[in-house]
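All remarks here apply to the structure that follows.
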Amino acid sequence: MSGAAAPTIPGEMRADITTSVNGGALTVSIGGALVLDTVGGVHEALEAPLARGPRAIRLELAKVTRLDASGVSVAVGLHRFAKSMGIPLEIAGVEGDRKLLVDLALRGQDPATPPRPIGFTREVGQAAAGIWELLVDLLRFAGEVTVIALQIVRRPALLRLRDTLAAMARHGTDAVPVVGLLGFLIGAIIAFQTYDPMAKYGAKLQVADVVAVSIVRELGPLITAIILAGRSGSAFAAEIGTMKVTQELDALRTFGIDPVRFLVIPRMLATVIVTPMLAVYASALGVLGGFTVLGPKGITFTQYLVEVRDVLTVGGFLQGLAKAAVFALLVSAIGCLAGMRTGQGPGAVGLSTTRAVVAGIVAIIVADSILGSFFYTLGI
Amino acid sequence: MVIALRGVSIGYGSRAIVEAIDLDVRRGEILFIGGGSGCGKTTLLASMNTLRPPLAGSITIDGIEIAGAGEDTLQQVRRRFGMMYQLGALFGGMTLLENVRLPLEEFTRMPRAAMDDLARAKLGLVGLAAHADKKPAEISGGMQKRAAIARALALDPPIIFLDEPSAGLDPVTSADLDALIVALNRMLGATFVVISHELASIFAIGHRFAMLDGARRRLVALGPPAELRDHSDDPWVRRFLSRTASGEG
């Protein structure tokens, strides 16, 4: 039989530990206060004897003068170690409430096992399953929206008009200042950046063409949609996501109210109506912004407007409107879908909001490139 | 006494819900605080746990005045109690083990493995050892409450505040929780201040019961629950503790 010196855990409270090995069986005897202040030291003192791989463990707690709910963690640690090594553990010297405390603490404790590493195949499989799930959700959502939209076309009373108008005010009217400001500045920036190269070829007035075409066909709808993704797409995801977390969506379903009709359609319809209007507004202010750069260069407002009128075609204007409507459809659908797919827990709503904004912006850019090629091919 | 309230008024803004509360919480007792809905139970607890200063009066914990005290004093006092919130208030991004380990990481110096064992022991006490690696969203509401109790016990505080611990729990789990409170109270001498409507728990384990009345805006009863139920001069207190409908008796 071999015995180890009895380390004393210092501090206001003291725990004395004696370990001895007899025929491979480790006996740990603890005396004094086995409490929060001493338990860390006890744990450290047990590392070396446990590392030698005992064949059995006996924990003596009879000399413990004070045991708190932290102190029983020594028993828990030894219990998990013994279970993982497949060796017996005997706990002695606890009775009454102490025994109850130890027994309660040991309930359901699993053996200590290292976490299973996640392999490459497993990760790829999980990612693929996630993408498949998303595609299924997307298809289901698109189907639901289409079916309900058709029902509303047949029976307009199904539309929640008041909610739609409120959404138009919140996501349209309230966005007017920021959309206007950005449109104006983008127009001015384009004029500013293109003036010098164009002036070299004596084409100062044609800067108005560049501003008008790029703003009306492209940038007006694009910046409006990006603002929409940041303001409204995120808001839709957060609103609907919070409602999902707080079971409000379940409550709607149990009333027999379809959440898509109640929540999604008013938001999507509102954004599809207001976004083209906002895009026109942004474009008008962008054209005006271009003049603020060209005006001081000696071009009159009449010259500028005539040039803009000549370069803009009805097709180009309608192209901008169509793009804005498509962007609005994508951003609002992605925001609402992200909200409906919100998981559980406090981080879930934040995650949905981030997804709505990022996926919304990516969808806008992808759709813009597809629509741009389409209109170019048609010669519009 | 471990907590002493003198002339305490609680409420929102300048509107008092309950006024002139004089209450001593004795060291090592299990004190239940109850009353009708909206009578200020949770607000009183928020004043005792330093989150909401009282509108008036004095609150001392272990002799340290917390009404109007500075942040340093409040931090010192906060180490003396653990708190379980009505809805658990677990950190959703962490596992149960990490939730319980957090106070240990912040306030103790011990090896990570010891902290893990300690956190597992606390989760074992509330019957959640097998769920240590789950996140709060993956377990039921009742289990979240029990995990919150384990977190309140993390630093073995001498005072433990529990806000509606049994609400939403099944009777067996609720009785297990009562047994745990009694064991911790007897073994560790921990003082429990429990906000609860659960008459079964109040009579089973409560040493004393303090009753607030929102209509009269005062503390209307304080004493052993069975004695108050049978002999209180106040009919509202007797009705409350004997679960009698307003129209009866």
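Residue numbers start at 1 in each chain; chains themselves are named A, B, ... in the order of the structure tokens; ligands are numbered from 1 in the order shown.
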
Tell me, as a PyMOL selection string, which residues lie within 6 Å of range 155-161 of chain B, counting only C-alpha atoms; anything in the same chain fewer than 6 positions away does not count. chain B and resi 80-83+190-194

Please tabulate, as JSON lines, the residues of chain B that come within 8 Å of chain A, each with its closest pair of atoms and the distance in Å to one decimal, counting only C-alpha atoms and ordering rows by chain, then residue number upward.
{"residue": "B:Gly92", "atom": "CA", "partner": "A:Gly345", "partner_atom": "CA", "distance": 5.4}
{"residue": "B:Gly93", "atom": "CA", "partner": "A:Gly347", "partner_atom": "CA", "distance": 6.7}
{"residue": "B:Arg109", "atom": "CA", "partner": "A:Gly40", "partner_atom": "CA", "distance": 7.6}
{"residue": "B:Met110", "atom": "CA", "partner": "A:Gly40", "partner_atom": "CA", "distance": 4.8}
{"residue": "B:Pro111", "atom": "CA", "partner": "A:Gly40", "partner_atom": "CA", "distance": 6.4}
{"residue": "B:Ala114", "atom": "CA", "partner": "A:Gly40", "partner_atom": "CA", "distance": 5.8}
{"residue": "B:Met115", "atom": "CA", "partner": "A:Gly40", "partner_atom": "CA", "distance": 7.7}
{"residue": "B:Asp117", "atom": "CA", "partner": "A:Ser73", "partner_atom": "CA", "distance": 5.3}
{"residue": "B:Leu118", "atom": "CA", "partner": "A:Ser73", "partner_atom": "CA", "distance": 4.5}
{"residue": "B:Ala119", "atom": "CA", "partner": "A:Ser73", "partner_atom": "CA", "distance": 7.7}
{"residue": "B:Arg120", "atom": "CA", "partner": "A:Ser73", "partner_atom": "CA", "distance": 7.3}
{"residue": "B:Ala121", "atom": "CA", "partner": "A:Ala105", "partner_atom": "CA", "distance": 4.8}
{"residue": "B:Lys122", "atom": "CA", "partner": "A:Ala105", "partner_atom": "CA", "distance": 6.6}
{"residue": "B:Leu123", "atom": "CA", "partner": "A:Ala105", "partner_atom": "CA", "distance": 7.2}
{"residue": "B:Gly124", "atom": "CA", "partner": "A:Ala105", "partner_atom": "CA", "distance": 4.0}
{"residue": "B:Leu125", "atom": "CA", "partner": "A:Ala105", "partner_atom": "CA", "distance": 4.4}
{"residue": "B:Val126", "atom": "CA", "partner": "A:Leu104", "partner_atom": "CA", "distance": 7.4}
{"residue": "B:Gly127", "atom": "CA", "partner": "A:Arg107", "partner_atom": "CA", "distance": 6.5}
{"residue": "B:Leu128", "atom": "CA", "partner": "A:Gly108", "partner_atom": "CA", "distance": 7.4}
{"residue": "B:Ala129", "atom": "CA", "partner": "A:Gln109", "partner_atom": "CA", "distance": 5.2}
{"residue": "B:Ala130", "atom": "CA", "partner": "A:Gly108", "partner_atom": "CA", "distance": 5.2}
{"residue": "B:Pro136", "atom": "CA", "partner": "A:Gly345", "partner_atom": "CA", "distance": 7.5}
{"residue": "B:Ala137", "atom": "CA", "partner": "A:Gly345", "partner_atom": "CA", "distance": 5.4}
{"residue": "B:Leu153", "atom": "CA", "partner": "A:Ala69", "partner_atom": "CA", "distance": 7.6}
{"residue": "B:Ala154", "atom": "CA", "partner": "A:Ser70", "partner_atom": "CA", "distance": 7.5}
{"residue": "B:Leu155", "atom": "CA", "partner": "A:Leu36", "partner_atom": "CA", "distance": 6.9}
{"residue": "B:Asp156", "atom": "CA", "partner": "A:Ala69", "partner_atom": "CA", "distance": 6.5}
{"residue": "B:Ala183", "atom": "CA", "partner": "A:Asp97", "partner_atom": "CA", "distance": 6.0}
{"residue": "B:Leu184", "atom": "CA", "partner": "A:Ala69", "partner_atom": "CA", "distance": 7.7}
{"residue": "B:Arg186", "atom": "CA", "partner": "A:Asp97", "partner_atom": "CA", "distance": 7.7}
{"residue": "B:Met187", "atom": "CA", "partner": "A:Asp97", "partner_atom": "CA", "distance": 6.4}
{"residue": "B:Leu188", "atom": "CA", "partner": "A:Asp68", "partner_atom": "CA", "distance": 6.0}

Tell me which protein, DNA and RNA residues are within 9 Å of Val264 in chain A, counting only C-alpha atoms, leaving out same-chain ones fewer than 3 positions away, and put them as a PyMOL selection string. chain A and resi 145+236+240+259-261+267-269+332-333+336-337

Which neighbours of Gly168 in chain B fall inside 8 Å, counting only C-alpha atoms, when residues of the same chain fewer than 2 positions from it are skipped, and could you give them as a ChimeraX atom specification? /B:141-142,166,170

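Taking CA of Ile152 in chain A and CA of Ile226 in chain A as endpoints, the distance between them is 28.5 Å.
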
Give me every strand (DSSP E) residue in range 21-80 of chain A, going by DSSP on the backbone, as a ChimeraX atom specification. /A:21-22,25-34,56-67

Please, could you write that set of residues out with C-alpha atoms as a PDB file, in the first residue's frame?
ATOM      1  CA  VAL A  21      -3.312   3.092  -3.392  1.00  0.00           C
ATOM      2  CA  ASN A  22      -3.805  -0.494  -2.298  1.00  0.00           C
ATOM      3  CA  ALA A  25      -7.521   0.683  -5.759  1.00  0.00           C
ATOM      4  CA  LEU A  26      -7.347   4.411  -5.065  1.00  0.00           C
ATOM      5  CA  THR A  27      -8.723   5.698  -1.790  1.00  0.00           C
ATOM      6  CA  VAL A  28      -9.345   9.442  -1.585  1.00  0.00           C
ATOM      7  CA  SER A  29     -10.041  10.732   1.889  1.00  0.00           C
ATOM      8  CA  ILE A  30     -11.132  14.349   2.235  1.00  0.00           C
ATOM      9  CA  GLY A  31     -11.475  16.240   5.470  1.00  0.00           C
ATOM     10  CA  GLY A  32     -12.264  19.843   6.391  1.00  0.00           C
ATOM     11  CA  ALA A  33     -14.366  22.129   4.259  1.00  0.00           C
ATOM     12  CA  LEU A  34     -15.291  20.803   0.843  1.00  0.00           C
ATOM     13  CA  ALA A  56     -11.212   1.139  -8.352  1.00  0.00           C
ATOM     14  CA  ILE A  57     -11.897   4.348  -6.422  1.00  0.00           C
ATOM     15  CA  ARG A  58     -13.177   4.856  -2.907  1.00  0.00           C
ATOM     16  CA  LEU A  59     -14.108   8.395  -1.855  1.00  0.00           C
ATOM     17  CA  GLU A  60     -14.208   8.936   1.927  1.00  0.00           C
ATOM     18  CA  LEU A  61     -16.115  12.036   2.981  1.00  0.00           C
ATOM     19  CA  ALA A  62     -16.679  11.196   6.675  1.00  0.00           C
ATOM     20  CA  LYS A  63     -14.144  13.787   7.855  1.00  0.00           C
ATOM     21  CA  VAL A  64     -15.675  16.591   5.799  1.00  0.00           C
ATOM     22  CA  THR A  65     -16.831  19.194   8.276  1.00  0.00           C
ATOM     23  CA  ARG A  66     -18.588  21.361   5.743  1.00  0.00           C
ATOM     24  CA  LEU A  67     -20.003  20.363   2.380  1.00  0.00           C
TER      25      LEU A  67
END

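Shortest separation to Glu47 in chain A among B:Met94, B:Ala204, B:Cys39, B:Ala113 occurs at residue B:Ala113, atoms counted being only C-alpha atoms.
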
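Using only C-alpha atoms, the nearest neighbour of Thr244 in chain B within the list B:Leu104, B:Thr43, B:Leu199, B:Gly88 is B:Leu199.
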
Pairwise distance for CA of Phe184 in chain A and CA of Leu285 in chain A, rounded to one decimal in Å: 4.7 Å

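Of the listed residues B:Arg151, B:Pro225, B:Ala56, B:Ser140, the one whose atoms come nearest to Asn99 in chain B is B:Arg151, with distances taken using only C-alpha atoms.
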